[in-house]
file start-v3.cif (mmCIF, N, CA and C atoms)
data_final
loop_
_atom_site.group_PDB
_atom_site.id
_atom_site.type_symbol
_atom_site.label_atom_id
_atom_site.label_comp_id
_atom_site.auth_asym_id
_atom_site.auth_seq_id
_atom_site.Cartn_x
_atom_site.Cartn_y
_atom_site.Cartn_z
ATOM 1 N N MET A 1 -0.916 23.835 0.346
ATOM 2 C CA MET A 1 -0.672 22.399 0.345
ATOM 3 C C MET A 1 -0.378 21.960 1.781
ATOM 4 N N PRO A 2 -1.030 20.894 2.240
ATOM 5 C CA PRO A 2 -0.801 20.424 3.608
ATOM 6 C C PRO A 2 0.652 19.993 3.835
ATOM 7 N N LYS A 3 1.127 20.278 5.021
ATOM 8 C CA LYS A 3 2.476 19.887 5.418
ATOM 9 C C LYS A 3 2.388 18.676 6.333
ATOM 10 N N VAL A 4 3.206 17.668 6.041
ATOM 11 C CA VAL A 4 3.304 16.482 6.879
ATOM 12 C C VAL A 4 4.726 16.422 7.418
ATOM 13 N N THR A 5 4.853 16.192 8.707
ATOM 14 C CA THR A 5 6.164 16.055 9.329
ATOM 15 C C THR A 5 6.432 14.578 9.578
ATOM 16 N N TYR A 6 7.516 14.084 9.003
ATOM 17 C CA TYR A 6 7.963 12.704 9.157
ATOM 18 C C TYR A 6 9.178 12.740 10.076
ATOM 19 N N ILE A 7 9.163 11.933 11.124
ATOM 20 C CA ILE A 7 10.292 11.894 12.050
ATOM 21 C C ILE A 7 10.885 10.492 12.022
ATOM 22 N N GLU A 8 12.131 10.430 11.580
ATOM 23 C CA GLU A 8 12.833 9.145 11.532
ATOM 24 C C GLU A 8 13.068 8.626 12.952
ATOM 25 N N HIS A 9 13.342 7.341 13.059
ATOM 26 C CA HIS A 9 13.601 6.713 14.356
ATOM 27 C C HIS A 9 14.746 7.405 15.088
ATOM 28 N N ASN A 10 15.722 7.924 14.347
ATOM 29 C CA ASN A 10 16.868 8.594 14.965
ATOM 30 C C ASN A 10 16.596 10.058 15.310
ATOM 31 N N GLY A 11 15.365 10.542 15.050
ATOM 32 C CA GLY A 11 15.003 11.907 15.394
ATOM 33 C C GLY A 11 15.099 12.914 14.260
ATOM 34 N N THR A 12 15.630 12.514 13.113
ATOM 35 C CA THR A 12 15.726 13.423 11.965
ATOM 36 C C THR A 12 14.326 13.781 11.483
ATOM 37 N N VAL A 13 14.088 15.074 11.287
ATOM 38 C CA VAL A 13 12.769 15.584 10.915
ATOM 39 C C VAL A 13 12.755 15.986 9.448
ATOM 40 N N HIS A 14 11.674 15.597 8.772
ATOM 41 C CA HIS A 14 11.451 15.982 7.369
ATOM 42 C C HIS A 14 10.061 16.611 7.280
ATOM 43 N N GLU A 15 9.997 17.892 6.963
ATOM 44 C CA GLU A 15 8.707 18.560 6.765
ATOM 45 C C GLU A 15 8.461 18.641 5.270
ATOM 46 N N ILE A 16 7.386 18.003 4.820
ATOM 47 C CA ILE A 16 7.126 17.858 3.391
ATOM 48 C C ILE A 16 5.738 18.398 3.063
ATOM 49 N N ASP A 17 5.635 19.160 1.988
ATOM 50 C CA ASP A 17 4.336 19.555 1.460
ATOM 51 C C ASP A 17 3.819 18.395 0.626
ATOM 52 N N VAL A 18 2.648 17.885 0.989
ATOM 53 C CA VAL A 18 2.063 16.733 0.303
ATOM 54 C C VAL A 18 0.728 17.166 -0.305
ATOM 55 N N PRO A 19 0.553 16.988 -1.608
ATOM 56 C CA PRO A 19 -0.703 17.398 -2.239
ATOM 57 C C PRO A 19 -1.917 16.653 -1.677
ATOM 58 N N VAL A 20 -3.019 17.349 -1.571
ATOM 59 C CA VAL A 20 -4.277 16.737 -1.156
ATOM 60 C C VAL A 20 -4.586 15.580 -2.107
ATOM 61 N N GLY A 21 -5.027 14.475 -1.537
ATOM 62 C CA GLY A 21 -5.368 13.299 -2.325
ATOM 63 C C GLY A 21 -4.258 12.265 -2.413
ATOM 64 N N ARG A 22 -3.032 12.668 -2.136
ATOM 65 C CA ARG A 22 -1.931 11.712 -2.108
ATOM 66 C C ARG A 22 -1.950 11.035 -0.743
ATOM 67 N N SER A 23 -1.263 9.916 -0.627
ATOM 68 C CA SER A 23 -1.172 9.267 0.684
ATOM 69 C C SER A 23 0.069 9.774 1.410
ATOM 70 N N VAL A 24 0.076 9.568 2.707
ATOM 71 C CA VAL A 24 1.247 9.923 3.510
ATOM 72 C C VAL A 24 2.459 9.139 3.005
ATOM 73 N N MET A 25 2.242 7.888 2.592
ATOM 74 C CA MET A 25 3.322 7.069 2.026
ATOM 75 C C MET A 25 3.866 7.689 0.743
ATOM 76 N N GLN A 26 2.966 8.098 -0.161
ATOM 77 C CA GLN A 26 3.416 8.698 -1.425
ATOM 78 C C GLN A 26 4.229 9.958 -1.162
ATOM 79 N N GLY A 27 3.798 10.759 -0.211
ATOM 80 C CA GLY A 27 4.548 11.965 0.131
ATOM 81 C C GLY A 27 5.965 11.640 0.561
ATOM 82 N N ALA A 28 6.122 10.570 1.341
ATOM 83 C CA ALA A 28 7.457 10.170 1.796
ATOM 84 C C ALA A 28 8.298 9.639 0.647
ATOM 85 N N VAL A 29 7.724 8.744 -0.144
ATOM 86 C CA VAL A 29 8.470 8.124 -1.247
ATOM 87 C C VAL A 29 8.875 9.172 -2.288
ATOM 88 N N GLU A 30 7.956 10.040 -2.641
ATOM 89 C CA GLU A 30 8.235 11.054 -3.664
ATOM 90 C C GLU A 30 9.266 12.086 -3.220
ATOM 91 N N ASN A 31 9.503 12.147 -1.906
ATOM 92 C CA ASN A 31 10.481 13.095 -1.377
ATOM 93 C C ASN A 31 11.666 12.411 -0.707
ATOM 94 N N ALA A 32 11.840 11.123 -0.999
ATOM 95 C CA ALA A 32 12.988 10.341 -0.530
ATOM 96 C C ALA A 32 13.179 10.411 0.980
ATOM 97 N N VAL A 33 12.083 10.332 1.719
ATOM 98 C CA VAL A 33 12.170 10.298 3.175
ATOM 99 C C VAL A 33 12.582 8.894 3.583
ATOM 100 N N PRO A 34 13.721 8.746 4.267
ATOM 101 C CA PRO A 34 14.153 7.417 4.694
ATOM 102 C C PRO A 34 13.228 6.855 5.769
ATOM 103 N N GLY A 35 13.080 5.538 5.791
ATOM 104 C CA GLY A 35 12.315 4.893 6.834
ATOM 105 C C GLY A 35 10.963 4.384 6.403
ATOM 106 N N ILE A 36 10.535 4.746 5.203
ATOM 107 C CA ILE A 36 9.296 4.205 4.649
ATOM 108 C C ILE A 36 9.685 3.499 3.358
ATOM 109 N N ASP A 37 9.656 2.161 3.405
ATOM 110 C CA ASP A 37 10.107 1.373 2.262
ATOM 111 C C ASP A 37 9.042 1.242 1.180
ATOM 112 N N ALA A 38 7.783 1.074 1.560
ATOM 113 C CA ALA A 38 6.666 1.002 0.615
ATOM 114 C C ALA A 38 6.882 -0.062 -0.459
ATOM 115 N N ASP A 39 7.243 -1.263 -0.033
ATOM 116 C CA ASP A 39 7.545 -2.346 -0.969
ATOM 117 C C ASP A 39 6.391 -2.673 -1.916
ATOM 118 N N CYS A 40 5.150 -2.553 -1.459
ATOM 119 C CA CYS A 40 4.010 -2.917 -2.320
ATOM 120 C C CYS A 40 3.482 -1.732 -3.118
ATOM 121 N N GLY A 41 4.089 -0.573 -2.961
ATOM 122 C CA GLY A 41 3.681 0.594 -3.737
ATOM 123 C C GLY A 41 2.367 1.212 -3.315
ATOM 124 N N GLY A 42 1.881 0.867 -2.150
ATOM 125 C CA GLY A 42 0.659 1.476 -1.652
ATOM 126 C C GLY A 42 -0.586 0.635 -1.807
ATOM 127 N N ALA A 43 -0.428 -0.655 -2.070
ATOM 128 C CA ALA A 43 -1.570 -1.545 -2.291
ATOM 129 C C ALA A 43 -2.100 -2.173 -0.996
ATOM 130 N N CYS A 44 -1.580 -1.767 0.139
ATOM 131 C CA CYS A 44 -1.964 -2.347 1.435
ATOM 132 C C CYS A 44 -1.742 -3.856 1.419
ATOM 133 N N ALA A 45 -0.580 -4.243 0.881
ATOM 134 C CA ALA A 45 -0.245 -5.658 0.766
ATOM 135 C C ALA A 45 1.051 -5.997 1.500
ATOM 136 N N CYS A 46 1.537 -5.070 2.296
ATOM 137 C CA CYS A 46 2.720 -5.312 3.121
ATOM 138 C C CYS A 46 2.608 -4.366 4.319
ATOM 139 N N ALA A 47 3.612 -4.297 5.106
ATOM 140 C CA ALA A 47 3.587 -3.377 6.246
ATOM 141 C C ALA A 47 4.843 -2.531 6.284
ATOM 142 N N THR A 48 5.402 -2.242 5.113
ATOM 143 C CA THR A 48 6.685 -1.528 5.068
ATOM 144 C C THR A 48 6.524 -0.014 4.970
ATOM 145 N N CYS A 49 5.316 0.471 5.254
ATOM 146 C CA CYS A 49 5.118 1.923 5.386
ATOM 147 C C CYS A 49 4.499 2.207 6.753
ATOM 148 N N HIS A 50 4.807 1.335 7.709
ATOM 149 C CA HIS A 50 4.310 1.451 9.079
ATOM 150 C C HIS A 50 4.806 2.757 9.694
ATOM 151 N N VAL A 51 3.882 3.517 10.277
ATOM 152 C CA VAL A 51 4.227 4.740 10.994
ATOM 153 C C VAL A 51 3.440 4.787 12.299
ATOM 154 N N PHE A 52 3.900 5.634 13.194
ATOM 155 C CA PHE A 52 3.188 5.923 14.427
ATOM 156 C C PHE A 52 2.625 7.333 14.286
ATOM 157 N N VAL A 53 1.312 7.457 14.306
ATOM 158 C CA VAL A 53 0.660 8.758 14.199
ATOM 159 C C VAL A 53 0.672 9.407 15.577
ATOM 160 N N GLU A 54 1.095 10.664 15.632
ATOM 161 C CA GLU A 54 1.081 11.371 16.909
ATOM 162 C C GLU A 54 -0.348 11.339 17.463
ATOM 163 N N PRO A 55 -0.510 11.070 18.752
ATOM 164 C CA PRO A 55 -1.833 10.860 19.327
ATOM 165 C C PRO A 55 -2.872 11.937 19.013
ATOM 166 N N GLY A 56 -2.492 13.174 18.981
ATOM 167 C CA GLY A 56 -3.443 14.244 18.700
ATOM 168 C C GLY A 56 -4.030 14.213 17.299
ATOM 169 N N TRP A 57 -3.449 13.398 16.424
ATOM 170 C CA TRP A 57 -3.893 13.311 15.030
ATOM 171 C C TRP A 57 -4.682 12.043 14.725
ATOM 172 N N LEU A 58 -4.764 11.129 15.657
ATOM 173 C CA LEU A 58 -5.384 9.832 15.380
ATOM 174 C C LEU A 58 -6.823 9.937 14.874
ATOM 175 N N GLU A 59 -7.642 10.724 15.524
ATOM 176 C CA GLU A 59 -9.042 10.829 15.084
ATOM 177 C C GLU A 59 -9.136 11.389 13.677
ATOM 178 N N ARG A 60 -8.306 12.363 13.359
ATOM 179 C CA ARG A 60 -8.376 13.002 12.042
ATOM 180 C C ARG A 60 -7.894 12.105 10.913
ATOM 181 N N THR A 61 -7.054 11.118 11.232
ATOM 182 C CA THR A 61 -6.593 10.210 10.169
ATOM 183 C C THR A 61 -7.599 9.103 9.891
ATOM 184 N N GLY A 62 -8.591 8.972 10.749
ATOM 185 C CA GLY A 62 -9.628 7.963 10.538
ATOM 186 C C GLY A 62 -9.239 6.613 11.106
ATOM 187 N N PRO A 63 -10.205 5.715 11.166
ATOM 188 C CA PRO A 63 -9.943 4.395 11.743
ATOM 189 C C PRO A 63 -9.219 3.478 10.765
ATOM 190 N N ARG A 64 -8.540 2.502 11.308
ATOM 191 C CA ARG A 64 -7.935 1.452 10.482
ATOM 192 C C ARG A 64 -9.050 0.594 9.899
ATOM 193 N N GLN A 65 -8.891 0.216 8.656
ATOM 194 C CA GLN A 65 -9.827 -0.705 8.028
ATOM 195 C C GLN A 65 -9.327 -2.140 8.238
ATOM 196 N N GLU A 66 -10.154 -3.105 7.949
ATOM 197 C CA GLU A 66 -9.835 -4.518 8.216
ATOM 198 C C GLU A 66 -8.526 -4.947 7.548
ATOM 199 N N ARG A 67 -8.344 -4.602 6.282
ATOM 200 C CA ARG A 67 -7.124 -5.012 5.561
ATOM 201 C C ARG A 67 -5.878 -4.406 6.207
ATOM 202 N N GLU A 68 -5.965 -3.150 6.603
ATOM 203 C CA GLU A 68 -4.829 -2.500 7.264
ATOM 204 C C GLU A 68 -4.520 -3.199 8.584
ATOM 205 N N GLU A 69 -5.543 -3.550 9.343
ATOM 206 C CA GLU A 69 -5.342 -4.290 10.598
ATOM 207 C C GLU A 69 -4.590 -5.592 10.335
ATOM 208 N N GLU A 70 -4.999 -6.305 9.276
ATOM 209 C CA GLU A 70 -4.336 -7.566 8.922
ATOM 210 C C GLU A 70 -2.858 -7.339 8.597
ATOM 211 N N MET A 71 -2.570 -6.333 7.797
ATOM 212 C CA MET A 71 -1.189 -6.071 7.390
ATOM 213 C C MET A 71 -0.340 -5.606 8.562
ATOM 214 N N LEU A 72 -0.919 -4.850 9.471
ATOM 215 C CA LEU A 72 -0.158 -4.421 10.647
ATOM 216 C C LEU A 72 0.266 -5.607 11.503
ATOM 217 N N GLY A 73 -0.405 -6.743 11.344
ATOM 218 C CA GLY A 73 0.005 -7.953 12.037
ATOM 219 C C GLY A 73 1.394 -8.425 11.627
ATOM 220 N N PHE A 74 1.874 -7.959 10.481
ATOM 221 C CA PHE A 74 3.210 -8.314 9.991
ATOM 222 C C PHE A 74 4.272 -7.296 10.391
ATOM 223 N N ALA A 75 3.854 -6.180 10.959
ATOM 224 C CA ALA A 75 4.792 -5.126 11.349
ATOM 225 C C ALA A 75 5.374 -5.424 12.727
ATOM 226 N N ALA A 76 6.612 -5.038 12.908
ATOM 227 C CA ALA A 76 7.255 -5.180 14.214
ATOM 228 C C ALA A 76 6.886 -3.986 15.086
ATOM 229 N N ASP A 77 6.791 -4.214 16.366
ATOM 230 C CA ASP A 77 6.624 -3.136 17.346
ATOM 231 C C ASP A 77 5.394 -2.256 17.082
ATOM 232 N N THR A 78 4.252 -2.872 16.820
ATOM 233 C CA THR A 78 3.047 -2.059 16.629
ATOM 234 C C THR A 78 2.571 -1.487 17.956
ATOM 235 N N GLN A 79 1.955 -0.347 17.857
ATOM 236 C CA GLN A 79 1.414 0.379 19.005
ATOM 237 C C GLN A 79 -0.042 0.737 18.701
ATOM 238 N N PRO A 80 -0.789 1.225 19.681
ATOM 239 C CA PRO A 80 -2.167 1.637 19.411
ATOM 240 C C PRO A 80 -2.277 2.730 18.339
ATOM 241 N N ASN A 81 -1.215 3.508 18.162
ATOM 242 C CA ASN A 81 -1.226 4.582 17.157
ATOM 243 C C ASN A 81 -0.527 4.169 15.857
ATOM 244 N N SER A 82 -0.337 2.873 15.653
ATOM 245 C CA SER A 82 0.275 2.376 14.414
ATOM 246 C C SER A 82 -0.710 2.491 13.260
ATOM 247 N N ARG A 83 -0.189 2.919 12.118
ATOM 248 C CA ARG A 83 -0.975 2.984 10.885
ATOM 249 C C ARG A 83 -0.058 2.630 9.732
ATOM 250 N N LEU A 84 -0.654 2.276 8.605
ATOM 251 C CA LEU A 84 0.098 2.140 7.366
ATOM 252 C C LEU A 84 -0.048 3.466 6.635
ATOM 253 N N ALA A 85 1.079 4.072 6.308
ATOM 254 C CA ALA A 85 1.051 5.399 5.686
ATOM 255 C C ALA A 85 0.326 5.393 4.346
ATOM 256 N N CYS A 86 0.276 4.249 3.684
ATOM 257 C CA CYS A 86 -0.427 4.172 2.397
ATOM 258 C C CYS A 86 -1.933 4.303 2.567
ATOM 259 N N GLN A 87 -2.424 4.114 3.776
ATOM 260 C CA GLN A 87 -3.862 4.156 4.033
ATOM 261 C C GLN A 87 -4.332 5.490 4.604
ATOM 262 N N ILE A 88 -3.430 6.429 4.729
ATOM 263 C CA ILE A 88 -3.790 7.762 5.224
ATOM 264 C C ILE A 88 -3.750 8.719 4.042
ATOM 265 N N LYS A 89 -4.917 9.142 3.593
ATOM 266 C CA LYS A 89 -5.011 10.095 2.486
ATOM 267 C C LYS A 89 -4.890 11.511 3.042
ATOM 268 N N VAL A 90 -4.076 12.319 2.403
ATOM 269 C CA VAL A 90 -3.861 13.685 2.840
ATOM 270 C C VAL A 90 -5.058 14.545 2.445
ATOM 271 N N THR A 91 -5.550 15.279 3.422
ATOM 272 C CA THR A 91 -6.630 16.245 3.221
ATOM 273 C C THR A 91 -6.163 17.580 3.790
ATOM 274 N N ALA A 92 -6.895 18.626 3.515
ATOM 275 C CA ALA A 92 -6.558 19.937 4.077
ATOM 276 C C ALA A 92 -6.577 19.887 5.603
ATOM 277 N N GLU A 93 -7.461 19.065 6.164
ATOM 278 C CA GLU A 93 -7.573 18.937 7.622
ATOM 279 C C GLU A 93 -6.347 18.275 8.245
ATOM 280 N N LEU A 94 -5.525 17.628 7.441
ATOM 281 C CA LEU A 94 -4.319 16.973 7.969
ATOM 282 C C LEU A 94 -3.080 17.865 7.875
ATOM 283 N N ASP A 95 -3.264 19.129 7.544
ATOM 284 C CA ASP A 95 -2.130 20.060 7.514
ATOM 285 C C ASP A 95 -1.503 20.109 8.904
ATOM 286 N N GLY A 96 -0.233 19.750 8.999
ATOM 287 C CA GLY A 96 0.478 19.709 10.269
ATOM 288 C C GLY A 96 0.629 18.318 10.852
ATOM 289 N N LEU A 97 0.089 17.303 10.169
ATOM 290 C CA LEU A 97 0.183 15.918 10.635
ATOM 291 C C LEU A 97 1.630 15.548 10.944
ATOM 292 N N VAL A 98 1.804 14.821 12.047
ATOM 293 C CA VAL A 98 3.134 14.346 12.447
ATOM 294 C C VAL A 98 3.089 12.830 12.571
ATOM 295 N N VAL A 99 4.008 12.160 11.879
ATOM 296 C CA VAL A 99 4.157 10.715 11.981
ATOM 297 C C VAL A 99 5.611 10.384 12.298
ATOM 298 N N ARG A 100 5.789 9.311 13.035
ATOM 299 C CA ARG A 100 7.133 8.835 13.399
ATOM 300 C C ARG A 100 7.320 7.462 12.789
ATOM 301 N N MET A 101 8.549 7.177 12.372
ATOM 302 C CA MET A 101 8.852 5.877 11.799
ATOM 303 C C MET A 101 9.427 4.949 12.864
ATOM 304 N N PRO A 102 9.117 3.658 12.751
ATOM 305 C CA PRO A 102 9.727 2.692 13.665
ATOM 306 C C PRO A 102 11.204 2.497 13.317
ATOM 307 N N GLU A 103 11.890 1.758 14.160
ATOM 308 C CA GLU A 103 13.319 1.522 13.933
ATOM 309 C C GLU A 103 13.570 0.818 12.603
ATOM 310 N N GLY A 104 12.680 -0.085 12.224
ATOM 311 C CA GLY A 104 12.822 -0.793 10.953
ATOM 312 C C GLY A 104 11.469 -1.187 10.424
ATOM 313 N N GLN A 105 11.443 -1.534 9.143
ATOM 314 C CA GLN A 105 10.188 -1.899 8.502
ATOM 315 C C GLN A 105 10.074 -3.395 8.225
ATOM 316 N N HIS A 106 11.083 -4.189 8.559
ATOM 317 C CA HIS A 106 11.042 -5.622 8.259
ATOM 318 C C HIS A 106 11.223 -6.443 9.500
#
call {"tool": "encode", "arguments": {"input": "start-v3.cif", "output": "structure tokens"}}
result
Amino acid sequence: MPKVTYIEHNGTVHEIDVPVGRSVMQGAVENAVPGIDADCGGACACATCHVFVEPGWLERTGPRQEREEEMLGFAADTQPNSRLACQIKVTAELDGLVVRMPEGQH
């Protein structure tokens, strides 16, 4: 099972095994990782699962789609490596993925 590392804004690290086919957001929510609120439940209708993908992983997570770009417009402190965790599907190739959470989601 692929491992995803979630790093809270304060530096706390959570290494979670996330089943293939689940989203990075689902992995966080199902394992009570603080910092990902996921208010819309993964429907790409908010920006409360905003994460920063470590640069070495950006290509493997795929490009942002139009709807994700729109929703990121509501997120604070977006960066070029900003993604919505609900839009990143876990695959075997993402084993070792590292994402960081912003200071807040609202």
call {"tool": "atom_distance", "arguments": {"input": "start-v3.cif", "atom1": "atom N of Cys49 in chain A", "atom2": "atom N of Ala75 in chain A"}}
result
8.9 Å
call {"tool": "select_by_dssp", "arguments": {"input": "start-v3.cif", "residues": "chain A", "states": "strand (DSSP E or B)", "output": "list of chain:residue names"}}
result
A:Lys3, A:Val4, A:Thr5, A:Tyr6, A:Ile7, A:Val13, A:His14, A:Glu15, A:Ile16, A:Asp17, A:Ser23, A:His50, A:Val51, A:Phe52, A:Val53, A:Ser82, A:Arg83, A:Leu84, A:Lys89, A:Leu97, A:Val98, A:Val99, A:Arg100
call {"tool": "write_last_selection", "arguments": {"input": "start-v3.cif", "atoms": "N, CA and C atoms", "output": "mmCIF file, keeping the file's coordinate frame"}}
result
data_model
loop_
_atom_site.group_PDB
_atom_site.id
_atom_site.type_symbol
_atom_site.label_atom_id
_atom_site.label_comp_id
_atom_site.auth_asym_id
_atom_site.auth_seq_id
_atom_site.Cartn_x
_atom_site.Cartn_y
_atom_site.Cartn_z
ATOM 1 N N LYS A 3 1.127 20.278 5.021
ATOM 2 C CA LYS A 3 2.476 19.887 5.418
ATOM 3 C C LYS A 3 2.388 18.676 6.333
ATOM 4 N N VAL A 4 3.206 17.668 6.041
ATOM 5 C CA VAL A 4 3.304 16.482 6.879
ATOM 6 C C VAL A 4 4.726 16.422 7.418
ATOM 7 N N THR A 5 4.853 16.192 8.707
ATOM 8 C CA THR A 5 6.164 16.055 9.329
ATOM 9 C C THR A 5 6.432 14.578 9.578
ATOM 10 N N TYR A 6 7.516 14.084 9.003
ATOM 11 C CA TYR A 6 7.963 12.704 9.157
ATOM 12 C C TYR A 6 9.178 12.740 10.076
ATOM 13 N N ILE A 7 9.163 11.933 11.124
ATOM 14 C CA ILE A 7 10.292 11.894 12.050
ATOM 15 C C ILE A 7 10.885 10.492 12.022
ATOM 16 N N VAL A 13 14.088 15.074 11.287
ATOM 17 C CA VAL A 13 12.769 15.584 10.915
ATOM 18 C C VAL A 13 12.755 15.986 9.448
ATOM 19 N N HIS A 14 11.674 15.597 8.772
ATOM 20 C CA HIS A 14 11.451 15.982 7.369
ATOM 21 C C HIS A 14 10.061 16.611 7.280
ATOM 22 N N GLU A 15 9.997 17.892 6.963
ATOM 23 C CA GLU A 15 8.707 18.560 6.765
ATOM 24 C C GLU A 15 8.461 18.641 5.270
ATOM 25 N N ILE A 16 7.386 18.003 4.820
ATOM 26 C CA ILE A 16 7.126 17.858 3.391
ATOM 27 C C ILE A 16 5.738 18.398 3.063
ATOM 28 N N ASP A 17 5.635 19.160 1.988
ATOM 29 C CA ASP A 17 4.336 19.555 1.460
ATOM 30 C C ASP A 17 3.819 18.395 0.626
ATOM 31 N N SER A 23 -1.263 9.916 -0.627
ATOM 32 C CA SER A 23 -1.172 9.267 0.684
ATOM 33 C C SER A 23 0.069 9.774 1.410
ATOM 34 N N HIS A 50 4.807 1.335 7.709
ATOM 35 C CA HIS A 50 4.310 1.451 9.079
ATOM 36 C C HIS A 50 4.806 2.757 9.694
ATOM 37 N N VAL A 51 3.882 3.517 10.277
ATOM 38 C CA VAL A 51 4.227 4.740 10.994
ATOM 39 C C VAL A 51 3.440 4.787 12.299
ATOM 40 N N PHE A 52 3.900 5.634 13.194
ATOM 41 C CA PHE A 52 3.188 5.923 14.427
ATOM 42 C C PHE A 52 2.625 7.333 14.286
ATOM 43 N N VAL A 53 1.312 7.457 14.306
ATOM 44 C CA VAL A 53 0.660 8.758 14.199
ATOM 45 C C VAL A 53 0.672 9.407 15.577
ATOM 46 N N SER A 82 -0.337 2.873 15.653
ATOM 47 C CA SER A 82 0.275 2.376 14.414
ATOM 48 C C SER A 82 -0.710 2.491 13.260
ATOM 49 N N ARG A 83 -0.189 2.919 12.118
ATOM 50 C CA ARG A 83 -0.975 2.984 10.885
ATOM 51 C C ARG A 83 -0.058 2.630 9.732
ATOM 52 N N LEU A 84 -0.654 2.276 8.605
ATOM 53 C CA LEU A 84 0.098 2.140 7.366
ATOM 54 C C LEU A 84 -0.048 3.466 6.635
ATOM 55 N N LYS A 89 -4.917 9.142 3.593
ATOM 56 C CA LYS A 89 -5.011 10.095 2.486
ATOM 57 C C LYS A 89 -4.890 11.511 3.042
ATOM 58 N N LEU A 97 0.089 17.303 10.169
ATOM 59 C CA LEU A 97 0.183 15.918 10.635
ATOM 60 C C LEU A 97 1.630 15.548 10.944
ATOM 61 N N VAL A 98 1.804 14.821 12.047
ATOM 62 C CA VAL A 98 3.134 14.346 12.447
ATOM 63 C C VAL A 98 3.089 12.830 12.571
ATOM 64 N N VAL A 99 4.008 12.160 11.879
ATOM 65 C CA VAL A 99 4.157 10.715 11.981
ATOM 66 C C VAL A 99 5.611 10.384 12.298
ATOM 67 N N ARG A 100 5.789 9.311 13.035
ATOM 68 C CA ARG A 100 7.133 8.835 13.399
ATOM 69 C C ARG A 100 7.320 7.462 12.789
#
call {"tool": "select_by_dssp", "arguments": {"input": "start-v3.cif", "residues": "chain A", "states": "helix (DSSP H, G or I)", "output": "number ranges by chain"}}
result
A: 24-30, 55-61, 66-72, 85-87, 92-94
call {"tool": "closest_residue", "arguments": {"input": "start-v3.cif", "among": "A:Ala28, A:Ala92, A:Cys46, A:Ala76", "to": "Glu8 in chain A", "atoms": "only C-alpha atoms"}}
result
A:Ala28
call {"tool": "residues_around", "arguments": {"input": "start-v3.cif", "residues": "Gly35 in chain A", "least_positions_apart": "6", "cutoff": "8 Å", "atoms": "only N, CA and C atoms", "output": "PyMOL selection string"}}
result
chain A and resi 7-9+48-50+100-105
call {"tool": "atom_distance", "arguments": {"input": "start-v3.cif", "atom1": "CA of Asn81 in chain A", "atom2": "CA of Ala32 in chain A"}}
result
23.4 Å
call {"tool": "atom_distance", "arguments": {"input": "start-v3.cif", "atom1": "atom C of Pro55 in chain A", "atom2": "atom N of Asn31 in chain A"}}
result
24.3 Å
call {"tool": "resolve_selection", "arguments": {"input": "start-v3.cif", "expression": "the PyMOL selection byres (((chain A and resi 58 and name CA) around 12) and name CA)", "output": "ChimeraX atom specification"}}
result
/A:51-57,59-64,80-83,88,94,97-99
call {"tool": "closest_residue", "arguments": {"input": "start-v3.cif", "among": "A:Asp17, A:Leu84, A:Thr5, A:Thr78", "to": "Ile36 in chain A", "atoms": "only C-alpha atoms"}}
result
A:Leu84
call {"tool": "residues_around", "arguments": {"input": "start-v3.cif", "residues": "Val90 in chain A", "least_positions_apart": "2", "cutoff": "7 Å", "atoms": "all atoms listed in the file", "output": "list in words"}}
result
Val18, Pro19, Val20, Gly21, Arg22, Ser23, Val24, Ile88, Ala92, Glu93 and Leu94 of chain A
call {"tool": "axis_aligned_box", "arguments": {"input": "start-v3.cif", "around": "range 15-23 of chain A", "padding_each_side": "3 Å", "output": "JSON"}}
result
{"center_x": 2.3, "center_y": 14.4, "center_z": 2.3, "size_x": 21.4, "size_y": 16.3, "size_z": 15.4}
call {"tool": "closest_residue", "arguments": {"input": "start-v3.cif", "among": "A:Met71, A:Gln87, A:Glu15, A:Tyr6", "to": "Ala47 in chain A", "atoms": "only N, CA and C atoms"}}
result
A:Met71
call {"tool": "residues_around", "arguments": {"input": "start-v3.cif", "residues": "Ala45 in chain A", "least_positions_apart": "4", "cutoff": "9 Å", "atoms": "only C-alpha atoms", "output": "list in words"}}
result
Asp39, Cys40, Gly41, Arg67, Glu68 and Met71 of chain A
call {"tool": "residues_around", "arguments": {"input": "start-v3.cif", "residues": "Glu30 in chain A", "least_positions_apart": "3", "cutoff": "10 Å", "atoms": "only C-alpha atoms", "output": "list in words"}}
result
Ile16, Val18, Met25, Gln26, Gly27 and Val33 of chain A
